[in-house]
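Here is the structure we will look at.
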Amino acid sequence: MPVSSTTTDAVLARVDAGLDDSLERLMELMRIRSISTDPEYAGECQAAASWLRGALDEIGFAADLHQTEGHPLVLGRDHSADGPRVLFYGHYDVQPVDPLELWDTDPFSPEIREAEDGTRIIVGRGSSDDKGQLMTFIEACRAFKAETGSMPIGVTLLLEGEEESGGKNLPPFISAYKQALKADIALVCDTDMWNRDTPSITTMLRGLVGEEIVITCANKDLHSGMFGNAARNANQVLADIIASLRDENGRVTVDGFYDDVAELPDTVREQWQTLGFDEQAFLGSAGLSIPAGENDRSVLEQLWSRPTCEINGLSGGYTGAGFKTVIPAKASAKISFRLVADMDPQKVRDAFRRHVRARLPDDCSAEFHDHGAAPALNVPADGPMLQKALGALSAEWPNDAVITGSGGSIPVGGEFKRTLGLDTLFIGFAQNDDRIHSPNEKYDLQSFHKGIRSWVRILAALAD
């Protein structure tokens with residue numbers, strides 16, 4: 001049932017009054033060294049999962065710890081409210097801390113300090129990725145339960161411990177527990193804001209196709225003086241094929257590549273134009289100045305809403321020190337495609353392989369190695385839950401919330417879509433200078449505080 005503004009204000013006041021306690025709970029979780037990729041810390045991952053189960057028990061959720069072949073998953077549920085139900089995802093595992101000597105303090109002894117610009121920050125491993133983020137949601141649930149005795153909507157939490165180490169045990173769990181995970185929308189808190197005063201919801205995530213090709217010409221490497229001109233050079237054949245993948249306007253030339261690519265809605269393009277994105281500064285940060293993709297698209301469009309073809313690695317012939325006059329028999333390349341909504345990864349893979357075979361000289365061969373694939377995600381811009389979440393965020397922050405895309409891929413969103421049929425709203429409060437995966441990781445105190453308040457507003461809005 002709808003949540004009155006009076007009730008929402010009371011829950012927000014509860015958040016403000018309990019901020020110090022919320023911070024202490026976050027730091028307690030951050031002190032647990034839950035590095036999932038290192039077997040030495042398996043016990044710590046178990047401890048973090050147990051801590052989260054206890055935290056959910058404490059606020060009145062039914063919480064279970066599910067063991068896997070790797071690290072445990074935590075499943076928490078409060079389905080007492082009528083109306084919509086949300087599935088919230090976060091991860092409690094963290095990256096290794098090396099190189100340790102670059103940290104100003106112990107990575108697992110979190111502290112609040114003042115940054116050079118006067119911003120108050122929470123410093124320590126996991127502060128932003130993802131313990132600080134997932135705790136914003138848990139603390140919002142805590143405030144609702146403490147103030148009103150119940151949640152305004154049905155809530156399921158799925159907290160995993162292998163996101164930073166491949167997450168191979170998550171997909172079979174989602175498949176096995178489809179009924180328990182049933183919801184109307186999924187929520188993920190593991191992304192950034194647009195800037196410190198502008199919250200964002202990421203609704204576009206590109207998919208991925210990974211391919212490796214090996215071109216074979218001669219049956220052995222050849223002397224370039226004895227066989228030069230007469231013998232096929234695998235490097236040359238590969239170079240010609242790679243050069244054929246884009247035209248002079250930056251478009252990918254693989255047949256049918258753009259057949260399923262939809263145009264960006266005008267409303268979204270217009271909003272992106274108001275973001276003040278500095279193309280020159282963005283490219284300049286990488287020592288570049290000229291966009292290299294489709295020349296009739298803005299850089300943001302190229303990054304968020306257009307598919308790509310990138311050459312990730314090349315190998316062939318002699319690459320050691322000095323010089324060797326050789327005609328290589330084999331040459332290889334690793335090539336990735338980032339996909340947008342409605343593109344079929346297998347269709348793209350098949351089209352690429354046809355493109356390569358069509359350009360092979362008769363006495364050469366190509367073999368292909370599959371390096372994974374995932375479809376893109378796209379939440380409709382006019383979706384009612386998206387619009388409610390945007391309104392709730394806009395009510396909390398100085399600037400209205402915006403819809404953004406991401407050039408990367410977040411696998412859990414794909415799993416939710418494929419297995420559960422759920423769209424995912426990626427709502428995070430991290431900043432792009434949080435140094436995730438690096439020494440001196442931090443999370444702005446404002447991100448934590450207003451992140452909790454934001455989830456209170458979102459939960460209330462979704463109940464309407």
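By order of appearance in the structure tokens: chains A, B, ..., then residues from 1 within every chain, and ligands from 1 in the order shown.
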
Stretch 120-130 of chain A environment, 8 Å, only C-alpha atoms, sequence neighbours closer than 5 positions dropped, as a count of residues only: 32

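Neighbouring residues of A:Ala460 at 9 Å or closer, counting only C-alpha atoms and skipping chain neighbours under 5 positions away, are A:Pro2, A:Val3, A:Ser4, A:Ser5, A:Thr8, A:Pro152, A:Ile153, A:Ala392, A:Trp455.
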
Would you write out, as a Markdown table, a table of all residues in stretch 3-105 of chain A that have an atom no more than 8 Å from an atom of stretch 164-182 of chain A, listing for each the closest atom pair and the distance in Å to one decimal, considering only C-alpha atoms and ordering rows by chain and rising residue number?
| residue | atom | partner | partner_atom | distance |
| --- | --- | --- | --- | --- |
| A:Ser36 | CA | A:Ser165 | CA | 6.1 |
| A:Thr37 | CA | A:Ser165 | CA | 5.1 |
| A:Thr68 | CA | A:Asn169 | CA | 6.6 |
| A:Glu69 | CA | A:Asn169 | CA | 7.1 |
| A:Gly70 | CA | A:Asn169 | CA | 7.0 |
| A:Arg85 | CA | A:Lys182 | CA | 8.0 |
| A:Leu87 | CA | A:Leu181 | CA | 6.8 |
| A:Asp93 | CA | A:Glu164 | CA | 6.5 |
| A:Val94 | CA | A:Glu164 | CA | 6.3 |
| A:Gln95 | CA | A:Glu164 | CA | 6.2 |

Using N, CA and C atoms, can you export the residues from the last selection as a PDB file, in the first residue's frame?
ATOM      1  N   SER A  36      37.892 -13.040  -1.901  1.00  0.00           N
ATOM      2  CA  SER A  36      37.351 -14.304  -2.408  1.00  0.00           C
ATOM      3  C   SER A  36      38.316 -15.078  -3.284  1.00  0.00           C
ATOM      4  N   THR A  37      39.231 -14.398  -3.945  1.00  0.00           N
ATOM      5  CA  THR A  37      40.084 -15.094  -4.910  1.00  0.00           C
ATOM      6  C   THR A  37      41.243 -15.856  -4.261  1.00  0.00           C
ATOM      7  N   THR A  68      28.093 -23.174  -1.076  1.00  0.00           N
ATOM      8  CA  THR A  68      28.308 -23.550  -2.468  1.00  0.00           C
ATOM      9  C   THR A  68      29.654 -24.269  -2.553  1.00  0.00           C
ATOM     10  N   GLU A  69      30.069 -24.628  -3.750  1.00  0.00           N
ATOM     11  CA  GLU A  69      31.394 -25.217  -3.919  1.00  0.00           C
ATOM     12  C   GLU A  69      32.483 -24.189  -3.641  1.00  0.00           C
ATOM     13  N   GLY A  70      32.106 -22.916  -3.632  1.00  0.00           N
ATOM     14  CA  GLY A  70      33.053 -21.848  -3.306  1.00  0.00           C
ATOM     15  C   GLY A  70      32.634 -21.167  -2.015  1.00  0.00           C
ATOM     16  N   ARG A  85       7.361  -6.646  -5.498  1.00  0.00           N
ATOM     17  CA  ARG A  85       8.478  -7.246  -4.780  1.00  0.00           C
ATOM     18  C   ARG A  85       9.761  -6.938  -5.540  1.00  0.00           C
ATOM     19  N   LEU A  87      14.073  -7.616  -5.887  1.00  0.00           N
ATOM     20  CA  LEU A  87      15.211  -8.492  -5.591  1.00  0.00           C
ATOM     21  C   LEU A  87      16.457  -7.617  -5.590  1.00  0.00           C
ATOM     22  N   ASP A  93      32.326  -9.914  -1.064  1.00  0.00           N
ATOM     23  CA  ASP A  93      33.750 -10.197  -1.258  1.00  0.00           C
ATOM     24  C   ASP A  93      34.461  -8.976  -1.816  1.00  0.00           C
ATOM     25  N   VAL A  94      35.774  -8.938  -1.615  1.00  0.00           N
ATOM     26  CA  VAL A  94      36.577  -7.786  -2.021  1.00  0.00           C
ATOM     27  C   VAL A  94      37.812  -8.258  -2.787  1.00  0.00           C
ATOM     28  N   GLN A  95      38.455  -7.294  -3.422  1.00  0.00           N
ATOM     29  CA  GLN A  95      39.685  -7.559  -4.161  1.00  0.00           C
ATOM     30  C   GLN A  95      40.874  -7.689  -3.200  1.00  0.00           C
TER      31      GLN A  95
END

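Picture a line from atom CA of A:Met135 to atom CA of A:Leu425; it runs 17.1 Å.
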
Selection near stretch 50-55 of chain A, 8 Å with only C-alpha atoms, sequence-local residues under 5 positions removed, as an MDAnalysis selection string: chainID A and resid 29 63:65 74:76

Residue selection dump (C-alpha atoms) as a PDB file, in the first residue's frame:
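The new file part_27.pdb reads:
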ATOM      1  CA  LEU A  29      31.771  -5.675   8.058  1.00  0.00           C
ATOM      2  CA  ALA A  63      17.810 -15.111   6.378  1.00  0.00           C
ATOM      3  CA  ASP A  64      19.656 -18.239   5.292  1.00  0.00           C
ATOM      4  CA  LEU A  65      23.262 -18.975   4.480  1.00  0.00           C
ATOM      5  CA  VAL A  74      23.122 -15.143   1.773  1.00  0.00           C
ATOM      6  CA  LEU A  75      19.409 -15.065   1.006  1.00  0.00           C
ATOM      7  CA  GLY A  76      17.204 -12.723   3.041  1.00  0.00           C
TER       8      GLY A  76
END

Could you make a table, as JSON lines, of the residues of stretch 146-206 of chain A that have an atom within 10 Å of an atom of stretch 298-311 of chain A, each with its nearest atom pair and distance in Å to one decimal, counting only C-alpha atoms, in chain and number order?
{"residue": "A:Thr202", "atom": "CA", "partner": "A:Trp304", "partner_atom": "CA", "distance": 9.9}
{"residue": "A:Thr203", "atom": "CA", "partner": "A:Trp304", "partner_atom": "CA", "distance": 9.8}
{"residue": "A:Met204", "atom": "CA", "partner": "A:Trp304", "partner_atom": "CA", "distance": 6.9}
{"residue": "A:Leu205", "atom": "CA", "partner": "A:Trp304", "partner_atom": "CA", "distance": 7.4}
{"residue": "A:Arg206", "atom": "CA", "partner": "A:Trp304", "partner_atom": "CA", "distance": 7.3}

Given only C-alpha atoms as the counted atoms, nearest of A:Val254, A:Leu283, A:Leu157, A:Ala140 to A:Leu187: A:Leu157

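Running DSSP on the backbone and keeping only strand (DSSP E), the residues of stretch 132-298 of chain A that qualify are A:Gly154, A:Val155, A:Thr156, A:Leu157, A:Leu158, A:Leu159, A:Glu160, A:Ile185, A:Ala186, A:Leu187, A:Val188, A:Ser200, A:Ile201, A:Thr202, A:Thr203, A:Met204, A:Leu205, A:Gly207, A:Leu208, A:Val209, A:Gly210, A:Glu211, A:Glu212, A:Ile213, A:Val214, A:Ile215, A:Thr216, A:Leu222, A:His223.
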
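Taking atom CA of A:Ala62 and atom CA of A:Arg142 as the two end points, the separation is 13.4 Å.
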
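When only C-alpha atoms are used to compute distances to A:Glu24, the closest of the residues A:Thr274, A:Ala358, A:Glu139, A:Phe429 turns out to be A:Glu139.
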
Shell around A:Gly317 at 8 Å using only C-alpha atoms, local window under 3 positions removed, as a PyMOL selection string: chain A and resi 221+235+326-331

What would the file look like if the residues just selected were written as a JSON list (two decimals), in the first residue's frame with C-alpha atoms?
[["chain", "number", "residue", "atom", "x", "y", "z"],
["A", 221, "ASP", "CA", 58.19, -20.46, -40.24],
["A", 235, "ASN", "CA", 50.89, -11.73, -40.24],
["A", 326, "VAL", "CA", 61.16, -14.73, -40.53],
["A", 327, "ILE", "CA", 57.90, -15.23, -42.41],
["A", 328, "PRO", "CA", 55.55, -16.57, -39.71],
["A", 329, "ALA", "CA", 53.48, -19.64, -40.46],
["A", 330, "LYS", "CA", 50.88, -18.69, -37.84],
["A", 331, "ALA", "CA", 49.42, -15.45, -36.54]]
